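Enquirer: So I've got this file, data09.cif, and it contains mmCIF, C-alpha atoms:
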```
data_entry
loop_
_atom_site.label_atom_id
_atom_site.label_comp_id
_atom_site.auth_asym_id
_atom_site.auth_seq_id
_atom_site.Cartn_x
_atom_site.Cartn_y
_atom_site.Cartn_z
CA MET O 1359 82.67 114.79 83.70
CA PHE O 1360 84.70 116.79 86.17
CA SER O 1361 82.00 118.56 88.13
CA GLN O 1362 81.32 115.32 90.05
CA PHE O 1363 84.91 115.18 91.29
CA PHE O 1364 85.00 118.91 92.00
CA GLY O 1365 82.07 118.31 94.36
CA ASN O 1366 84.09 115.63 96.15
CA PHE O 1367 87.04 118.03 96.33
CA LEU O 1368 84.90 120.80 97.89
CA LEU O 1369 83.42 118.41 100.46
CA SER O 1370 86.88 117.03 101.32
CA LYS O 1371 88.22 120.56 101.88
CA GLY O 1372 85.28 121.23 104.20
CA VAL O 1373 84.35 124.44 102.35
CA VAL O 1374 80.77 123.37 101.57
CA THR O 1375 78.15 121.22 103.26
CA THR O 1376 76.45 118.34 101.47
CA GLU O 1377 73.21 120.36 101.38
CA GLN O 1378 74.92 123.39 99.81
CA LEU O 1379 76.57 121.17 97.20
CA LEU O 1380 73.33 119.34 96.34
CA HIS O 1381 71.57 122.68 95.96
CA ALA O 1382 74.28 123.91 93.54
CA ILE O 1383 74.06 120.65 91.55
CA LYS O 1384 70.28 121.01 91.24
CA GLU O 1385 70.65 124.62 90.09
CA GLN O 1386 73.15 123.76 87.32
CA HIS O 1387 70.62 123.46 84.54
CA SER O 1388 68.91 126.78 85.15
CA ARG O 1389 72.10 128.86 85.34
CA HIS O 1390 74.80 129.86 82.90
CA LEU O 1391 78.42 130.83 83.35
CA LYS O 1392 79.23 134.48 83.84
CA VAL O 1393 82.08 136.32 82.16
CA GLY O 1394 83.65 137.03 85.56
CA THR O 1395 83.89 133.34 86.44
CA LEU O 1396 85.35 132.58 83.00
CA ALA O 1397 87.90 135.39 83.44
CA ILE O 1398 89.05 134.02 86.81
CA HIS O 1399 89.34 130.50 85.42
CA SER O 1400 91.36 131.66 82.40
CA GLY O 1401 93.68 133.73 84.58
CA TYR O 1402 92.90 136.94 82.65
CA MET O 1403 91.48 138.58 85.79
CA THR O 1404 91.96 138.19 89.52
CA ALA O 1405 89.07 137.58 91.91
CA SER O 1406 89.42 141.09 93.34
CA GLU O 1407 89.23 142.65 89.86
CA VAL O 1408 86.02 140.70 89.25
CA ASP O 1409 84.65 141.89 92.61
CA THR O 1410 85.45 145.50 91.67
CA ILE O 1411 83.34 145.19 88.52
CA VAL O 1412 80.49 143.41 90.32
CA ILE O 1413 80.36 146.34 92.79
CA ARG O 1414 80.38 148.89 89.92
CA GLN O 1415 77.52 146.98 88.29
CA THR O 1416 75.31 147.58 91.33
CA HIS O 1417 75.09 151.27 90.42
CA GLU O 1418 75.93 151.29 86.71
CA ASP O 1419 73.78 149.78 83.99
CA LYS O 1420 76.63 148.25 82.01
CA ARG O 1421 77.61 144.74 81.02
CA PHE O 1422 80.51 143.00 82.78
CA GLY O 1423 82.64 142.78 79.63
CA GLU O 1424 82.13 146.45 78.84
CA ILE O 1425 83.39 147.58 82.26
CA ALA O 1426 86.29 145.08 82.17
CA ILE O 1427 87.53 146.59 78.91
CA GLU O 1428 87.04 150.15 80.24
CA GLU O 1429 89.09 149.30 83.34
CA GLY O 1430 91.79 147.70 81.20
CA TYR O 1431 91.31 144.29 82.84
CA LEU O 1432 90.45 142.62 79.54
CA THR O 1433 91.16 143.37 75.89
CA GLU O 1434 88.37 142.93 73.35
CA GLU O 1435 90.20 139.88 71.98
CA GLN O 1436 90.38 138.33 75.44
CA LEU O 1437 86.68 138.94 75.99
CA MET O 1438 85.85 137.23 72.67
CA ALA O 1439 88.14 134.34 73.52
CA LEU O 1440 86.41 133.89 76.90
CA LEU O 1441 82.96 133.82 75.33
CA GLN O 1442 83.99 131.23 72.78
CA ALA O 1443 86.20 129.03 74.94
CA GLN O 1444 85.27 125.50 76.01
CA THR O 1445 85.08 125.46 79.76
CA PRO O 1446 84.98 122.63 82.27
CA ASP O 1447 81.53 122.11 83.78
CA TYR O 1448 82.77 122.27 87.38
CA LEU O 1449 83.13 126.05 87.00
CA LEU O 1450 79.36 126.46 87.06
CA ILE O 1451 79.07 124.61 90.38
CA GLY O 1452 81.71 126.98 91.79
CA GLN O 1453 79.92 130.04 90.48
CA ILE O 1454 76.56 128.97 91.90
CA LEU O 1455 78.23 128.54 95.31
CA VAL O 1456 79.55 132.12 94.98
CA ASP O 1457 76.11 133.40 93.93
CA GLU O 1458 74.58 131.67 96.96
CA GLY O 1459 77.13 133.28 99.27
CA VAL O 1460 78.75 129.97 100.29
CA LEU O 1461 82.10 130.98 98.79
CA ASN O 1462 83.56 134.30 97.64
CA ASN O 1463 85.40 134.84 94.35
CA THR O 1464 88.83 134.81 96.02
CA GLN O 1465 88.10 131.42 97.63
CA LEU O 1466 86.80 130.08 94.32
CA GLU O 1467 89.93 131.27 92.52
CA GLU O 1468 92.14 129.47 95.06
CA LEU O 1469 89.99 126.32 95.03
CA ILE O 1470 90.01 126.06 91.24
CA ALA O 1471 93.81 126.43 91.19
CA ALA O 1472 94.24 123.82 93.93
CA TYR O 1473 91.80 121.42 92.26
CA GLN O 1474 93.59 121.65 88.92
CA ARG O 1475 97.00 121.30 90.57
CA GLU O 1476 96.07 118.32 92.73
CA ASN O 1477 94.49 116.47 89.84
CA GLN O 1478 96.94 117.58 87.15
CA LEU O 1479 94.00 118.66 85.03
CA SER O 1480 94.83 119.54 81.51
CA GLU O 1481 93.09 122.34 79.65
CA LEU O 1482 93.61 120.59 76.36
CA GLU O 1483 90.72 119.08 74.47
CA GLY O 1484 91.02 115.37 73.80
CA GLU O 1485 92.73 114.61 77.06
CA GLN O 1486 89.50 114.16 78.96
CA LYS O 1487 89.93 110.42 79.17
CA ASP O 1488 93.34 110.74 80.80
CA ASN O 1489 91.98 113.38 83.13
CA LEU O 1490 89.18 111.10 84.28
CA ASP O 1491 91.64 108.28 84.81
CA TYR O 1492 93.74 110.55 87.02
CA LEU O 1493 90.70 111.79 88.95
CA VAL O 1494 89.65 108.22 89.68
CA ARG O 1495 93.14 107.28 90.83
CA ASN O 1496 93.31 110.34 93.04
CA LEU O 1497 89.90 109.63 94.57
CA MET O 1498 90.85 106.03 95.33
CA LEU O 1499 94.19 107.04 96.84
CA LEU O 1500 92.17 108.17 99.80
CA SER O 1501 91.39 104.58 100.68
CA THR O 1502 94.55 102.76 99.72
CA SER O 1503 97.43 103.04 97.32
CA GLU O 1504 97.38 99.37 96.43
CA LEU O 1505 94.25 98.97 94.36
CA PRO O 1506 94.75 96.77 91.32
CA GLU O 1507 94.88 98.41 87.90
CA TYR O 1508 91.74 96.65 86.67
CA LEU O 1509 89.72 98.19 89.49
CA ILE O 1510 90.68 101.70 88.29
CA LYS O 1511 89.42 100.73 84.85
CA TYR O 1512 86.29 99.24 86.44
CA LEU O 1513 85.57 102.43 88.41
CA THR O 1514 86.26 104.73 85.47
CA LEU O 1515 83.62 102.80 83.52
CA LEU O 1516 81.28 102.93 86.53
CA PHE O 1517 81.40 106.75 86.56
CA ASN O 1518 80.68 106.82 82.83
CA ASN O 1519 77.79 104.38 83.24
CA LEU O 1520 76.32 106.42 86.10
CA VAL O 1521 76.35 109.48 83.84
CA ARG O 1522 74.88 107.46 80.97
CA PHE O 1523 72.17 105.48 82.77
CA VAL O 1524 71.34 107.35 86.00
CA GLY O 1525 72.35 110.99 85.61
CA GLU O 1526 75.35 113.28 85.81
CA ASP O 1527 74.25 115.04 89.01
CA PHE O 1528 76.25 112.86 91.41
CA THR O 1529 79.23 113.39 93.67
CA PRO O 1530 81.52 110.51 94.61
CA LEU O 1531 82.17 110.65 98.36
CA ASN O 1532 85.49 109.51 99.76
CA PRO O 1533 85.97 105.75 99.68
CA THR O 1534 86.80 103.79 102.80
CA LEU O 1535 88.05 100.29 103.49
CA TYR O 1536 86.01 97.94 105.65
CA SER O 1537 86.40 94.42 106.87
CA GLU O 1538 82.67 94.15 107.65
CA TYR O 1539 79.60 95.91 106.31
CA VAL O 1540 75.93 95.33 107.12
CA THR O 1541 73.66 95.79 104.12
CA ASP O 1542 70.21 97.32 103.83
CA HIS O 1543 68.63 96.59 100.41
CA CYS O 1544 71.58 95.14 98.58
CA SER O 1545 72.25 93.48 95.23
CA ALA O 1546 75.49 91.66 94.50
CA GLN O 1547 77.22 90.24 91.46
CA THR O 1548 80.49 88.35 91.05
CA ILE O 1549 82.85 88.52 88.10
CA ASP O 1550 85.52 85.86 87.99
CA GLY O 1551 88.21 84.56 85.70
CA ASP O 1552 91.74 85.98 85.51
CA PHE O 1553 90.77 88.16 88.45
CA GLN O 1554 87.71 88.46 90.65
CA ILE O 1555 85.52 91.42 91.56
CA VAL O 1556 82.50 91.04 93.81
CA SER O 1557 80.35 94.13 93.39
CA TYR O 1558 77.51 95.31 95.61
CA ILE O 1559 75.03 98.16 95.44
CA ASP O 1560 73.40 98.91 98.77
CA VAL O 1561 70.58 101.41 99.27
CA THR O 1562 67.79 102.33 101.64
CA GLU O 1563 64.25 101.49 100.59
CA GLU O 1564 63.51 105.12 99.76
CA THR O 1565 66.67 105.51 97.66
CA ALA O 1566 65.96 102.21 95.88
CA ILE O 1567 62.56 103.54 94.77
CA ALA O 1568 64.02 106.86 93.59
CA PHE O 1569 66.91 105.10 91.83
CA ALA O 1570 64.56 102.72 90.01
CA SER O 1571 62.35 105.61 88.91
CA ARG O 1572 65.33 107.31 87.29
CA TYR O 1573 67.01 104.23 85.89
CA VAL O 1574 63.88 102.71 84.37
CA GLY O 1575 62.22 106.02 83.53
CA GLU O 1576 58.97 105.13 85.30
CA ASP O 1577 57.42 106.55 88.43
CA PHE O 1578 57.74 103.93 91.17
CA THR O 1579 56.11 104.69 94.50
CA GLU O 1580 56.66 101.52 96.51
CA PHE O 1581 59.42 98.99 97.05
CA ASP O 1582 58.31 96.19 94.74
CA GLU O 1583 60.03 93.49 92.69
CA TYR O 1584 60.70 95.89 89.82
CA VAL O 1585 62.45 98.29 92.18
CA GLN O 1586 64.49 95.43 93.61
CA ALA O 1587 65.35 94.27 90.08
CA SER O 1588 66.51 97.76 89.04
CA SER O 1589 69.70 97.80 91.08
CA GLU O 1590 70.47 94.22 90.05
CA ASP O 1591 69.89 95.25 86.45
CA PHE O 1592 72.25 98.21 86.73
CA LEU O 1593 74.99 96.05 88.28
CA ASN O 1594 74.50 93.43 85.59
CA LEU O 1595 74.60 96.04 82.82
CA HIS O 1596 77.72 97.71 84.20
CA ASN O 1597 79.54 94.44 84.85
CA GLY O 1598 78.57 93.13 81.41
CA LEU O 1599 79.91 96.25 79.71
CA PHE O 1600 83.10 95.96 81.78
CA ASN O 1601 83.49 92.39 80.50
CA VAL O 1602 83.06 93.62 76.93
CA ASN O 1603 85.71 96.31 77.46
CA VAL O 1604 88.38 94.07 78.99
CA SER O 1605 87.65 91.46 76.34
CA ASN O 1606 88.12 94.00 73.52
CA GLU O 1607 91.00 95.98 75.00
CA ASP O 1608 92.99 93.41 76.97
CA SER O 1609 91.78 90.13 75.41
CA VAL O 1610 90.78 88.94 78.89
CA GLU O 1611 87.66 86.77 79.07
CA LEU O 1612 85.83 86.93 82.38
CA HIS O 1613 82.77 85.13 83.63
CA LEU O 1614 79.74 86.95 84.99
CA ASN O 1615 77.51 85.27 87.58
CA ALA O 1616 73.82 86.05 87.95
CA PRO O 1617 73.12 88.95 90.34
CA VAL O 1618 71.68 88.06 93.74
CA SER O 1619 69.73 89.94 96.39
CA MET O 1620 71.46 90.33 99.78
CA ALA O 1621 69.13 92.28 102.05
CA ASN O 1622 70.20 92.74 105.69
CA THR O 1623 73.32 90.66 105.32
CA MET O 1624 76.76 91.01 106.83
CA ILE O 1625 79.44 91.25 104.16
CA SER O 1626 82.90 90.51 105.49
CA SER O 1627 86.27 90.34 103.89
CA THR O 1628 89.74 89.40 105.03
CA GLU O 1629 91.00 91.13 101.90
CA LYS O 1630 89.85 94.53 100.74
CA LEU O 1631 86.25 95.67 100.92
CA VAL O 1632 86.13 99.12 99.34
CA HIS O 1633 83.07 101.24 100.09
CA LEU O 1634 82.41 103.99 97.56
CA PRO O 1635 79.31 106.08 98.33
CA ILE O 1636 77.84 108.02 95.40
CA LEU O 1637 75.74 111.00 96.44
CA TYR O 1638 72.74 111.85 94.25
CA PRO O 1639 70.06 114.43 95.08
CA PHE O 1640 67.66 111.48 95.63
CA GLY O 1641 69.97 109.58 98.02
CA ILE O 1642 73.22 107.71 98.35
CA LEU O 1643 74.14 104.68 96.23
CA ASN O 1644 76.60 102.66 98.31
CA PHE O 1645 78.87 100.70 96.02
CA LEU O 1646 81.10 98.05 97.59
CA PHE O 1647 83.81 96.05 95.90
CA LYS O 1648 85.64 93.02 97.14
CA VAL O 1649 88.80 92.46 95.12
CA MET N 22 52.76 84.92 60.39
CA LYS N 23 51.49 87.97 62.16
CA LEU N 24 53.37 89.14 65.26
CA GLU N 25 50.12 89.17 67.23
CA ASP N 26 49.70 85.44 66.57
CA ALA N 27 53.28 84.52 67.51
CA LYS N 28 54.18 82.85 70.79
CA ILE N 29 57.16 84.73 72.22
CA LEU N 30 59.32 83.17 74.93
CA ILE N 31 61.41 85.53 77.07
CA GLY N 32 64.08 83.97 79.30
CA ASP N 33 65.75 86.44 81.66
CA ASP N 34 66.28 86.27 85.43
CA SER N 35 65.45 89.97 85.75
CA ILE N 36 61.73 90.68 86.01
CA LEU N 37 62.57 94.22 84.96
CA ALA N 38 64.41 93.12 81.81
CA ARG N 39 61.46 90.86 80.90
CA LYS N 40 59.02 93.72 81.42
CA GLN N 41 61.08 96.11 79.30
CA LEU N 42 61.28 93.63 76.45
CA LYS N 43 57.55 92.84 76.71
CA ASP N 44 56.74 96.57 76.65
CA ILE N 45 58.74 97.04 73.43
CA ILE N 46 57.20 93.98 71.75
CA SER N 47 53.66 94.81 72.92
CA ALA N 48 53.98 98.26 71.35
CA LEU N 49 54.69 96.51 68.04
CA GLY N 50 51.65 94.25 68.36
CA GLY N 51 52.95 91.14 70.11
CA ASN N 52 50.84 89.86 72.97
CA ASN N 53 51.40 86.15 73.48
CA PHE N 54 54.23 85.97 76.00
CA LEU N 55 55.82 83.10 77.90
CA GLU N 56 58.24 84.06 80.66
CA ALA N 57 61.11 82.10 82.16
CA SER N 58 63.44 83.32 84.90
CA ASN N 59 66.24 80.82 84.23
CA GLY N 60 67.55 78.56 81.49
CA GLN N 61 65.80 75.43 82.74
CA GLU N 62 62.40 77.14 82.84
CA ALA N 63 63.03 78.39 79.31
CA ILE N 64 63.74 74.84 78.09
CA ASN N 65 60.60 73.51 79.82
CA LEU N 66 58.42 76.25 78.36
CA TYR N 67 59.91 75.68 74.91
CA LYS N 68 59.11 71.98 75.11
CA GLU N 69 55.51 72.62 76.16
CA ASN N 70 54.69 75.50 73.82
CA SER N 71 57.01 75.50 70.77
CA PRO N 72 57.17 79.31 70.59
CA GLU N 73 57.93 81.01 67.26
CA ILE N 74 60.75 83.09 68.75
CA VAL N 75 62.86 82.97 71.91
CA PHE N 76 64.68 85.88 73.53
CA LEU N 77 67.32 84.56 75.92
CA ASP N 78 69.65 86.22 78.41
CA ILE N 79 73.04 84.53 78.88
CA VAL N 80 73.78 85.20 82.57
CA MET N 81 71.05 83.36 84.47
CA PRO N 82 70.95 81.18 87.59
CA VAL N 83 70.22 77.42 87.60
CA LYS N 84 71.05 77.00 83.91
CA ASP N 85 72.64 79.74 81.82
CA GLY N 86 71.57 80.94 78.39
CA ASN N 87 74.21 79.01 76.44
CA SER N 88 73.16 75.68 77.96
CA ALA N 89 69.53 76.56 77.24
CA ILE N 90 70.36 77.33 73.57
CA SER N 91 72.04 73.90 73.20
CA GLU N 92 69.09 72.03 74.68
CA ILE N 93 66.48 73.97 72.75
CA MET N 94 68.40 73.37 69.49
CA GLN N 95 68.34 69.66 70.27
CA LEU N 96 64.58 69.82 70.72
CA ASN N 97 64.19 71.76 67.48
CA PRO N 98 67.14 72.49 65.17
CA GLU N 99 65.01 75.18 63.50
CA ALA N 100 64.39 77.08 66.75
CA ASP N 101 64.62 80.86 66.37
CA ILE N 102 66.69 82.11 69.31
CA VAL N 103 67.82 85.70 69.86
CA VAL N 104 70.34 86.32 72.63
CA VAL N 105 69.84 89.50 74.67
CA SER N 106 72.77 90.10 76.99
CA SER N 107 74.92 92.75 78.64
CA VAL N 108 78.00 90.59 77.98
CA GLY N 109 78.43 91.08 74.25
CA THR N 110 82.06 90.03 73.99
CA GLN N 111 83.27 88.63 70.66
CA MET N 112 83.76 85.24 72.28
CA GLN N 113 80.31 85.22 73.83
CA LEU N 114 78.73 86.24 70.55
CA LYS N 115 80.64 83.58 68.61
CA GLN N 116 79.68 80.93 71.13
CA ALA N 117 75.97 81.83 71.01
CA ILE N 118 75.93 81.80 67.19
CA GLN N 119 77.84 78.49 67.08
CA LEU N 120 75.32 76.96 69.47
CA GLY N 121 72.57 78.04 67.11
CA ALA N 122 71.38 81.53 68.10
CA LYS N 123 70.19 83.57 65.11
CA ASP N 124 70.85 87.04 66.53
CA PHE N 125 72.60 88.81 69.40
CA VAL N 126 71.40 92.01 71.06
CA GLN N 127 73.70 93.92 73.42
CA LYS N 128 71.96 95.45 76.46
CA PRO N 129 70.86 98.16 77.22
CA LEU N 130 67.82 97.30 75.11
CA ASN N 131 67.29 99.38 72.04
CA SER N 132 63.70 99.27 70.80
CA LYS N 133 64.75 99.89 67.18
CA GLN N 134 66.94 96.80 67.22
CA ILE N 135 64.13 94.63 68.62
CA GLU N 136 61.78 96.11 66.03
CA SER N 137 64.07 95.23 63.12
CA ILE N 138 64.50 91.67 64.44
CA LEU N 139 60.73 91.21 64.64
CA LYS N 140 60.03 92.91 61.31
CA SER N 141 62.37 90.52 59.52
CA ARG N 142 60.36 87.58 60.87
CA PHE N 143 56.73 88.63 61.33
CA GLU N 144 54.09 90.79 59.71
CA GLY N 145 53.17 93.84 61.76
CA ARG N 146 49.71 94.97 62.73
#
```
Can you turn what I pasted into structure tokens?

Expert:
Amino acid sequence: MFSQFFGNFLLSKGVVTTEQLLHAIKEQHSRHLKVGTLAIHSGYMTASEVDTIVIRQTHEDKRFGEIAIEEGYLTEEQLMALLQAQTPDYLLIGQILVDEGVLNNTQLEELIAAYQRENQLSELEGEQKDNLDYLVRNLMLLSTSELPEYLIKYLTLLFNNLVRFVGEDFTPLNPTLYSEYVTDHCSAQTIDGDFQIVSYIDVTEETAIAFASRYVGEDFTEFDEYVQASSEDFLNLHNGLFNVNVSNEDSVELHLNAPVSMANTMISSTEKLVHLPILYPFGILNFLFKV
Amino acid sequence: MKLEDAKILIGDDSILARKQLKDIISALGGNNFLEASNGQEAINLYKENSPEIVFLDIVMPVKDGNSAISEIMQLNPEADIVVVSSVGTQMQLKQAIQLGAKDFVQKPLNSKQIESILKSRFEGR
């Protein structure tokens, strides 16, 4: 679940372009992690030690681990530990960017350390939920420090639902606050009760078609009523599941209103209108929340 | 009764949700569908057609699913209503059952769940 936020981190630092990041995300499934990347992440080897071995490998037909042990960079036990360890999935994105020449190993080493530090990421299993909570808080800090607690919970569930129903290959872009926003093809749904959230998903026609194809699992080619209904359906599903969660966990009963279509409409707010763009290889899903 | 002979009313404001449910039921042999996009339409169609089973969403415009359950139960206390909703809170579920719904399905739709609901009521192909 962390590779999505690592993508946001890399974009925010200005070390990759959107195109380079999207390419790395697409490549994820056809690549595997290398021992050198694992060794840098674990702290067993420095980036320059890894580079030394990579250079040796260009004229020696030996495996990375073999040379690392020969050079005294790794013990056999460390090598075994690396091969068996659970590793965060953002490492692979980093490695692909190194393979593509966008970053070098030294930059990757520094970026991984900074990313972990800034997000207080824990290496421990079982703390993933807390980690995600922190990542969401950190992402939203960029827009304002005064977002209500329930919105953090709402967004954490949104990221999980995107992974579950649309795909894990997304990157959240930095949120911004607006007072006015003009929609393209937009669906909206209001939750009210103890608190209110008005949620919007706004997309271009092309992105709407691609989104529907993924979400429904059918090949749509034109913007029709099923495509239009897909983003409403996703909002309704997500908001419904949010209602179930707050009802179970906090004993809060909320009311969900039917989703509506809001094409080419001006949304304005005297309060907070948070815009959270989610970048997928097929386009950007613009989520907006009025709280 | 055979599923292929049953009149099946689907009340959901999402054309996509109706299509997905129809696709699942068609694959099991059902083919006689009535579609409503809000609670009031569902009540009207129930009155005119007396369907054997009703699948109803809760969150709908004009008249919501709960109001539709109440009115349909008044028309026929034996009506077989299954709620299909993304808002499966304990309170919502309790309310739907108290109003007279026989089953509750949490979205996203799971074809196995729909299949077991239909198999307990109708003969297959």

Enquirer: As an exercise, work out the distance from atom CA of O:Asn1603 to atom CA of N:Lys115 in Å and give it to one decimal place.

Expert: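 Pair atom CA of O:Asn1603 / atom CA of N:Lys115 returns 16.3 Å.
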
Enquirer: Identify, on the basis of all atoms listed in the file, every residue whose closest approach to N:Ala122 does not exceed 12 Å; exclude the query and any residue fewer than 3 positions from it along the same chain; express the result as a PyMOL selection string.

Expert: chain N and resi 74-79+86-94+98-105+113-119+125-126

Enquirer: With all atoms listed in the file counted, which protein, DNA or RNA residues have an atom no more than 12 Å from (64.2, 100.4, 74.0) in the file frame? Please answer as a ChimeraX atom specification.

Expert: /O:1574-1575 /N:38,40-49,126-136

Enquirer: Work out how far atom CA of O:Met1438 is from atom CA of O:Ala1397, in Å to one decimal.

Expert: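 Separation of atom CA of O:Ala1397 and atom CA of O:Met1438: 11.1 Å.
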
Enquirer: Here is a test: counting all atoms listed in the file, which residue of N:Asp85, N:Asn97, N:Asp124, N:Ser137 is nearest to chain O?

Expert: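 With all atoms listed in the file as the atom set, the closest residue is N:Asp85.
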
Enquirer: Between O:Ser1361, O:Asn1496, O:Gln1465, O:Asn1597, which one has atoms that come closest to chain N, using only C-alpha atoms?

Expert: O:Asn1597

Enquirer: When you look at O:Ile1567 with a cut-off of 7 Å (counting all atoms listed in the file), what residues show up, excluding the ones that are within fewer than 4 positions of it in the same chain? I need them as a compact mmCIF listing (two decimals) with C-alpha atoms, in the coordinates of the input.

Expert:
```txt
# COMPACT_ATOMS: atom_id res chain seq x y z
CA GLU O 1563 64.25 101.49 100.59
CA SER O 1571 62.35 105.61 88.91
CA PHE O 1578 57.74 103.93 91.17
CA THR O 1579 56.11 104.69 94.50
CA GLU O 1580 56.66 101.52 96.51
CA PHE O 1581 59.42 98.99 97.05
CA VAL O 1585 62.45 98.29 92.18
```

Enquirer: Using 7 Å as the limit and counting only C-alpha atoms, can you tabulate each residue of chain N that touches chain O, with its shortest atom-to-atom distance in Å and the two atoms involved, as CSV?

Expert:
```
residue,atom,partner,partner_atom,distance
N:Ser35,CA,O:Ala1587,CA,6.1
N:Ile36,CA,O:Ala1587,CA,6.5
N:Leu37,CA,O:Tyr1584,CA,5.5
N:Val80,CA,O:Ala1616,CA,5.4
N:Met81,CA,O:Ala1616,CA,5.2
N:Pro82,CA,O:Ala1616,CA,5.7
N:Ser107,CA,O:Gly1598,CA,4.6
N:Val108,CA,O:Gly1598,CA,4.3
N:Gly109,CA,O:Val1602,CA,5.9
N:Thr110,CA,O:Val1602,CA,4.7
N:Lys128,CA,O:Leu1595,CA,6.9
```

Enquirer: Just C-alpha atoms for this one: save the residues we selected as a PDB file, in the frame of the given file.

Expert:
```pdb
ATOM      1  CA  SER N  35      65.450  89.970  85.750  1.00  0.00           C
ATOM      2  CA  ILE N  36      61.730  90.680  86.010  1.00  0.00           C
ATOM      3  CA  LEU N  37      62.570  94.220  84.960  1.00  0.00           C
ATOM      4  CA  VAL N  80      73.780  85.200  82.570  1.00  0.00           C
ATOM      5  CA  MET N  81      71.050  83.360  84.470  1.00  0.00           C
ATOM      6  CA  PRO N  82      70.950  81.180  87.590  1.00  0.00           C
ATOM      7  CA  SER N 107      74.920  92.750  78.640  1.00  0.00           C
ATOM      8  CA  VAL N 108      78.000  90.590  77.980  1.00  0.00           C
ATOM      9  CA  GLY N 109      78.430  91.080  74.250  1.00  0.00           C
ATOM     10  CA  THR N 110      82.060  90.030  73.990  1.00  0.00           C
ATOM     11  CA  LYS N 128      71.960  95.450  76.460  1.00  0.00           C
TER      12      LYS N 128
END
```

Enquirer: If the PyMOL selection byres ((chain N and resi 69) around 12) is run on the structure shown, which residues does it catch, given as JSON, numbers by chain?

Expert: {"N": [28, 30, 55, 62, 63, 64, 65, 66, 67, 68, 70, 71, 72, 93, 96]}

Enquirer: Using the chain letters and numbers from the file, which residues does the PyMOL selection byres ((chain O and resi 1560) around 9) grab, as a PyMOL selection string?

Expert: chain O and resi 1541-1546+1558-1559+1561-1562+1566+1589+1620-1621+1642-1646

Enquirer: I want to know what sits within 10 Å of O:Thr1445, based on all atoms listed in the file, with residues of the same chain fewer than 4 positions away left out; could you give that as number ranges by chain?

Expert: O: 1391, 1396, 1399-1400, 1440-1441, 1449-1450, 1481

Enquirer: Convert the current residue selection to file output with C-alpha atoms, as a CSV table (one decimal), in the frame of the given file.

Expert:
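Listing of out_11.csv after writing:
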```csv
chain,number,residue,atom,x,y,z
O,1391,LEU,CA,78.4,130.8,83.4
O,1396,LEU,CA,85.4,132.6,83.0
O,1399,HIS,CA,89.3,130.5,85.4
O,1400,SER,CA,91.4,131.7,82.4
O,1440,LEU,CA,86.4,133.9,76.9
O,1441,LEU,CA,83.0,133.8,75.3
O,1449,LEU,CA,83.1,126.0,87.0
O,1450,LEU,CA,79.4,126.5,87.1
O,1481,GLU,CA,93.1,122.3,79.6
```

Enquirer: Care to translate the PyMOL selection byres ((chain O and resi 1524) around 9) into actual residues of this file, as a VMD selection string?

Expert: chain O and resid 1519 to 1523 1525 to 1527 1569 1572 to 1574

Enquirer: What residues have an atom no more than 6 Å from (79.1, 90.8, 106.4) in the file's own frame, counting only C-alpha atoms, and can you write them as a PyMOL selection string?

Expert: chain O and resi 1538-1540+1623-1626

Enquirer: As an exercise, work out the distance from atom CA of N:Phe54 to atom CA of O:Leu1593 in Å and give it to one decimal place.

Expert: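 These atoms are spaced 26.1 Å apart.
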
Enquirer: Write out N, CA and C atoms for stretch 67-75 of chain N, as a compact mmCIF listing (two decimals), in the coordinates of the input.

Expert:
```txt
# COMPACT_ATOMS: atom_id res chain seq x y z
N TYR N 67 59.74 75.92 76.35
CA TYR N 67 59.91 75.68 74.91
C TYR N 67 59.29 74.35 74.53
N LYS N 68 59.62 73.33 75.35
CA LYS N 68 59.11 71.98 75.11
C LYS N 68 57.58 71.96 75.08
N GLU N 69 56.97 72.66 76.04
CA GLU N 69 55.51 72.62 76.16
C GLU N 69 54.80 73.47 75.10
N ASN N 70 55.43 74.53 74.64
CA ASN N 70 54.69 75.50 73.82
C ASN N 70 55.19 75.73 72.39
N SER N 71 56.40 75.24 72.09
CA SER N 71 57.01 75.50 70.77
C SER N 71 56.81 76.95 70.29
N PRO N 72 57.36 77.91 70.99
CA PRO N 72 57.17 79.31 70.59
C PRO N 72 57.86 79.61 69.26
N GLU N 73 57.37 80.64 68.56
CA GLU N 73 57.93 81.01 67.26
C GLU N 73 59.29 81.68 67.40
N ILE N 74 59.47 82.40 68.53
CA ILE N 74 60.75 83.09 68.75
C ILE N 74 61.10 83.07 70.24
N VAL N 75 62.39 83.00 70.52
CA VAL N 75 62.86 82.97 71.91
C VAL N 75 63.89 84.08 72.12
```
